[in-house]
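Engineer: I am attaching a structure below and will ask some questions about it afterwards.
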Protein chains: 2
Amino acid sequence: MGSITVKGCDDVNVVPDPDDVPKRRRRRLLSVDAILGAALALVDENGRLTMTELATRLGSSASSIYHHLPGRDAILEALRDRLGQDIGPIPVDQPWDAGLATWLRRYRDAFAAHPNLIPMLTGQTITDPAVLASYEQVTGMLLRGGFAEDEVVLWLSVVDNFTLGSALDLAAPDDVWLPSAPAGGASPTPRMDAAVRAAPRGRERADAAFELGLTALVAGMRAHLDAAADNG
Amino acid sequence: MGSITVKGCDDVNVVPDPDDVPKRRRRRLLSVDAILGAALALVDENGRLTMTELATRLGSSASSIYHHLPGRDAILEALRDRLGQDIGPIPVDQPWDAGLATWLRRYRDAFAAHPNLIPMLTGQTITDPAVLASYEQVTGMLLRGGFAEDEVVLWLSVVDNFTLGSALDLAAPDDVWLPSAPAGGASPTPRMDAAVRAAPRGRERADAAFELGLTALVAGMRAHLDAAADNG
């Protein structure tokens with residue numbers, strides 16, 4: 001399970017009697033934490049985020065939300081920032097292959113609990129300074145590993161894509177492929193059935209696939225480096 | 001752009017005067033094609049699919065929809081089937097590596113136009129017979145290539161994850177990372193800035209990353225096969 005650290009929004013609706021509370025105190029009840037908690041809950045539950053639904057959920061108004069975060073894009077970037085905090089610092093002291101693997105394992109874990117958030121975040125430009133700083137450090141790790149400057153962004157895209165796809169896979173049901181159970185007849189998919197029976201299920205399958213794919217991808221990246229060195 | 005071949009639903013709302021049309025004719029106005037077209041439009045626009053919203057869009061009732069497709073899961077499986085038709089037949093006559101690459105390129109293209117559909121489809125068990133038959137053929141291709149039966153499902157997961165992540169990436173904005181533009185000061189992300197300037201942008205970046213990652217992944221799979229052969 002992901003560990004994104006935003007507070008729930010349930011308390012926000014328990015607004016004290018306005019006459020009992022000074023104006024400044026009341027406004028502070030709607031915090032960035034509460035907004036992000038409610039936004040993430042809407043994304044998780046509904047697969048979408050609108051300012052209207054967010055305001056309704058918070059028992060507040062869109063303009064009150066704007067006072068803290070200037071719009072939907074800013075809320076999504078703030079959620080990206082929180083996920084980046086869950087991922088933690090880039091292991092810059094490790095060699096590129098070990099460092100990449102450590103980063104990508106944490107990256108998958110952080111996104112896995114929020115599959116609906118993934119298309120929203122891949123759909124907008126990364127502007128959060130802390131997340132950009134993390135990519136700066138991964139860039140440094142890849143450059144020190146010998147990757148060409150003009151290919152670094154492509155490799156970042158490759159590992160992002162593999163990791164986000166793998167995060168979605170963690171939200172998959174225990175059986176990704178329905179085991180064929182024909183009534184008395186031969187299965188139309190006998191090789192697939194045998195492969196499914198021979199493989200782990202559920203979380204175990206997703207974890208084993210991620211590690212197998214990560215190993216293969218890093219091996220392929222190493223082969224690419226070696227080939228470039230031979231040609232240079 | 002994806003080429004999923006479902007008819008639009010605009011015509012469905014133009015229901016002729018009931019007195020002019022026999023009952024059977026009226027029922028057939030709500031077709032599977034119309035339901036799937038409307039469902040895909042809802043997914044694309046809203047990032048979610050509810051039977052209530054689908055009925056509203058079709059100017060129909062949930063029970064009329066159920067007459068054609070028994071519920072939300074069945075609708076999503078039917079959309080999976082249509083995407084499978086767009087992907088086309090598995091190139092079973094090619095060696096595993098070339099066949100896999102051909103399949104995955106078409107697979108990415110088919111899903112790229114519908115990023116919101118991706119978490120919905122990865123979130124439910126694949127039961128569509130035609131899609132299962134495609135996986136049966138890919139399984140055969142991998143087995144003939146020498147992959148162990150108990151690892152086939154893991155490799156299917158790996159290539160699914162990479163390809164779906166790459167399909168999401170096709171929906172990314174032209175600039176994935178905001179180029180730092182500090183006012184007079186030094187950039188906080190100088191190496192990332194240089195890498196972004198040296199890389200292609202937009203569709204060209206996504207395409208180049210997909211091909212680079214596909215080559216690396218296939219090379220890593222080949223290395224895995226070679227290592228298994230050495231150990232066997």
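Convention: chains lettered A, B, ... in structure tokens order; per-chain residue numbering from 1; ligands numbered from 1 as shown.
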Can you pull out every residue within 10 Å of Val153 of chain B, counting only C-alpha atoms, but drop anything in the same chain fewer than 3 positions away, and send it as an NGL selection string?

Structural biologist: (:A and (176-177 or 192-201 or 205-206 or 209)) or (:B and (135 or 139 or 148-150 or 156-158))

Engineer: Within 7 Å of chain A, which residues of chain B come that close, and what is the closest atom pair and distance in Å for each? Count only C-alpha atoms and give it as JSON lines.

Structural biologist:
```
{"residue": "B:Asn46", "atom": "CA", "partner": "A:Arg48", "partner_atom": "CA", "distance": 6.6}
{"residue": "B:Gly47", "atom": "CA", "partner": "A:Gly47", "partner_atom": "CA", "distance": 5.6}
{"residue": "B:Arg48", "atom": "CA", "partner": "A:Gly47", "partner_atom": "CA", "distance": 5.7}
{"residue": "B:Pro115", "atom": "CA", "partner": "A:Pro119", "partner_atom": "CA", "distance": 6.4}
{"residue": "B:Asn116", "atom": "CA", "partner": "A:Pro119", "partner_atom": "CA", "distance": 6.5}
{"residue": "B:Pro119", "atom": "CA", "partner": "A:Pro115", "partner_atom": "CA", "distance": 6.4}
{"residue": "B:Thr122", "atom": "CA", "partner": "A:Ala172", "partner_atom": "CA", "distance": 5.6}
{"residue": "B:Gly123", "atom": "CA", "partner": "A:Ala172", "partner_atom": "CA", "distance": 4.6}
{"residue": "B:Gln124", "atom": "CA", "partner": "A:Pro173", "partner_atom": "CA", "distance": 5.9}
{"residue": "B:Thr125", "atom": "CA", "partner": "A:Val176", "partner_atom": "CA", "distance": 4.6}
{"residue": "B:Ile126", "atom": "CA", "partner": "A:Trp177", "partner_atom": "CA", "distance": 4.9}
{"residue": "B:Thr127", "atom": "CA", "partner": "A:Leu178", "partner_atom": "CA", "distance": 5.4}
{"residue": "B:Ala133", "atom": "CA", "partner": "A:Thr189", "partner_atom": "CA", "distance": 6.3}
{"residue": "B:Tyr135", "atom": "CA", "partner": "A:Met192", "partner_atom": "CA", "distance": 7.0}
{"residue": "B:Glu136", "atom": "CA", "partner": "A:Met192", "partner_atom": "CA", "distance": 5.1}
{"residue": "B:Thr139", "atom": "CA", "partner": "A:Met192", "partner_atom": "CA", "distance": 6.1}
{"residue": "B:Gly140", "atom": "CA", "partner": "A:Arg191", "partner_atom": "CA", "distance": 6.8}
{"residue": "B:Glu149", "atom": "CA", "partner": "A:Ala195", "partner_atom": "CA", "distance": 5.4}
{"residue": "B:Asp150", "atom": "CA", "partner": "A:Ala198", "partner_atom": "CA", "distance": 4.8}
{"residue": "B:Glu151", "atom": "CA", "partner": "A:Ala199", "partner_atom": "CA", "distance": 6.6}
{"residue": "B:Val152", "atom": "CA", "partner": "A:Ala195", "partner_atom": "CA", "distance": 6.1}
{"residue": "B:Val153", "atom": "CA", "partner": "A:Ala195", "partner_atom": "CA", "distance": 6.1}
{"residue": "B:Leu154", "atom": "CA", "partner": "A:Ala209", "partner_atom": "CA", "distance": 4.6}
{"residue": "B:Trp155", "atom": "CA", "partner": "A:Ala209", "partner_atom": "CA", "distance": 6.7}
{"residue": "B:Ser157", "atom": "CA", "partner": "A:Ala209", "partner_atom": "CA", "distance": 6.1}
{"residue": "B:Val158", "atom": "CA", "partner": "A:Gly213", "partner_atom": "CA", "distance": 5.4}
{"residue": "B:Asn161", "atom": "CA", "partner": "A:Gly165", "partner_atom": "CA", "distance": 4.1}
{"residue": "B:Phe162", "atom": "CA", "partner": "A:Phe162", "partner_atom": "CA", "distance": 4.3}
{"residue": "B:Leu164", "atom": "CA", "partner": "A:Gly165", "partner_atom": "CA", "distance": 5.7}
{"residue": "B:Gly165", "atom": "CA", "partner": "A:Asn161", "partner_atom": "CA", "distance": 4.1}
{"residue": "B:Ser166", "atom": "CA", "partner": "A:Asn161", "partner_atom": "CA", "distance": 5.2}
{"residue": "B:Leu168", "atom": "CA", "partner": "A:Pro119", "partner_atom": "CA", "distance": 6.5}
{"residue": "B:Asp169", "atom": "CA", "partner": "A:Thr122", "partner_atom": "CA", "distance": 6.6}
{"residue": "B:Ala171", "atom": "CA", "partner": "A:Gly123", "partner_atom": "CA", "distance": 6.1}
{"residue": "B:Ala172", "atom": "CA", "partner": "A:Gly123", "partner_atom": "CA", "distance": 4.6}
{"residue": "B:Pro173", "atom": "CA", "partner": "A:Gln124", "partner_atom": "CA", "distance": 5.9}
{"residue": "B:Asp175", "atom": "CA", "partner": "A:Thr125", "partner_atom": "CA", "distance": 5.9}
{"residue": "B:Val176", "atom": "CA", "partner": "A:Thr125", "partner_atom": "CA", "distance": 4.6}
{"residue": "B:Trp177", "atom": "CA", "partner": "A:Ile126", "partner_atom": "CA", "distance": 4.9}
{"residue": "B:Leu178", "atom": "CA", "partner": "A:Thr127", "partner_atom": "CA", "distance": 5.4}
{"residue": "B:Thr189", "atom": "CA", "partner": "A:Glu136", "partner_atom": "CA", "distance": 5.5}
{"residue": "B:Arg191", "atom": "CA", "partner": "A:Glu136", "partner_atom": "CA", "distance": 6.3}
{"residue": "B:Met192", "atom": "CA", "partner": "A:Glu136", "partner_atom": "CA", "distance": 5.1}
{"residue": "B:Ala195", "atom": "CA", "partner": "A:Glu149", "partner_atom": "CA", "distance": 5.4}
{"residue": "B:Val196", "atom": "CA", "partner": "A:Val153", "partner_atom": "CA", "distance": 6.2}
{"residue": "B:Ala198", "atom": "CA", "partner": "A:Asp150", "partner_atom": "CA", "distance": 4.8}
{"residue": "B:Ala199", "atom": "CA", "partner": "A:Asp150", "partner_atom": "CA", "distance": 5.2}
{"residue": "B:Arg205", "atom": "CA", "partner": "A:Leu154", "partner_atom": "CA", "distance": 6.8}
{"residue": "B:Ala208", "atom": "CA", "partner": "A:Leu154", "partner_atom": "CA", "distance": 6.9}
{"residue": "B:Ala209", "atom": "CA", "partner": "A:Leu154", "partner_atom": "CA", "distance": 4.6}
{"residue": "B:Phe210", "atom": "CA", "partner": "A:Val158", "partner_atom": "CA", "distance": 6.7}
{"residue": "B:Gly213", "atom": "CA", "partner": "A:Val158", "partner_atom": "CA", "distance": 5.4}
{"residue": "B:Ala216", "atom": "CA", "partner": "A:Gly220", "partner_atom": "CA", "distance": 4.0}
{"residue": "B:Leu217", "atom": "CA", "partner": "A:Leu217", "partner_atom": "CA", "distance": 4.9}
{"residue": "B:Ala219", "atom": "CA", "partner": "A:Gly220", "partner_atom": "CA", "distance": 5.2}
{"residue": "B:Gly220", "atom": "CA", "partner": "A:Ala216", "partner_atom": "CA", "distance": 4.0}
{"residue": "B:Met221", "atom": "CA", "partner": "A:Ala216", "partner_atom": "CA", "distance": 5.7}
```

Engineer: From a DSSP pass on the backbone, collect the residues of segment 5-213 of chain B flagged as helix (DSSP H, G or I) and hand them back as an NGL selection string.

Structural biologist: :B and (10-13 or 18-20 or 23-28 or 32-46 or 51-58 or 62-68 or 72-87 or 96-112 or 117-122 or 129-145 or 149-170 or 190-198 or 202-213)
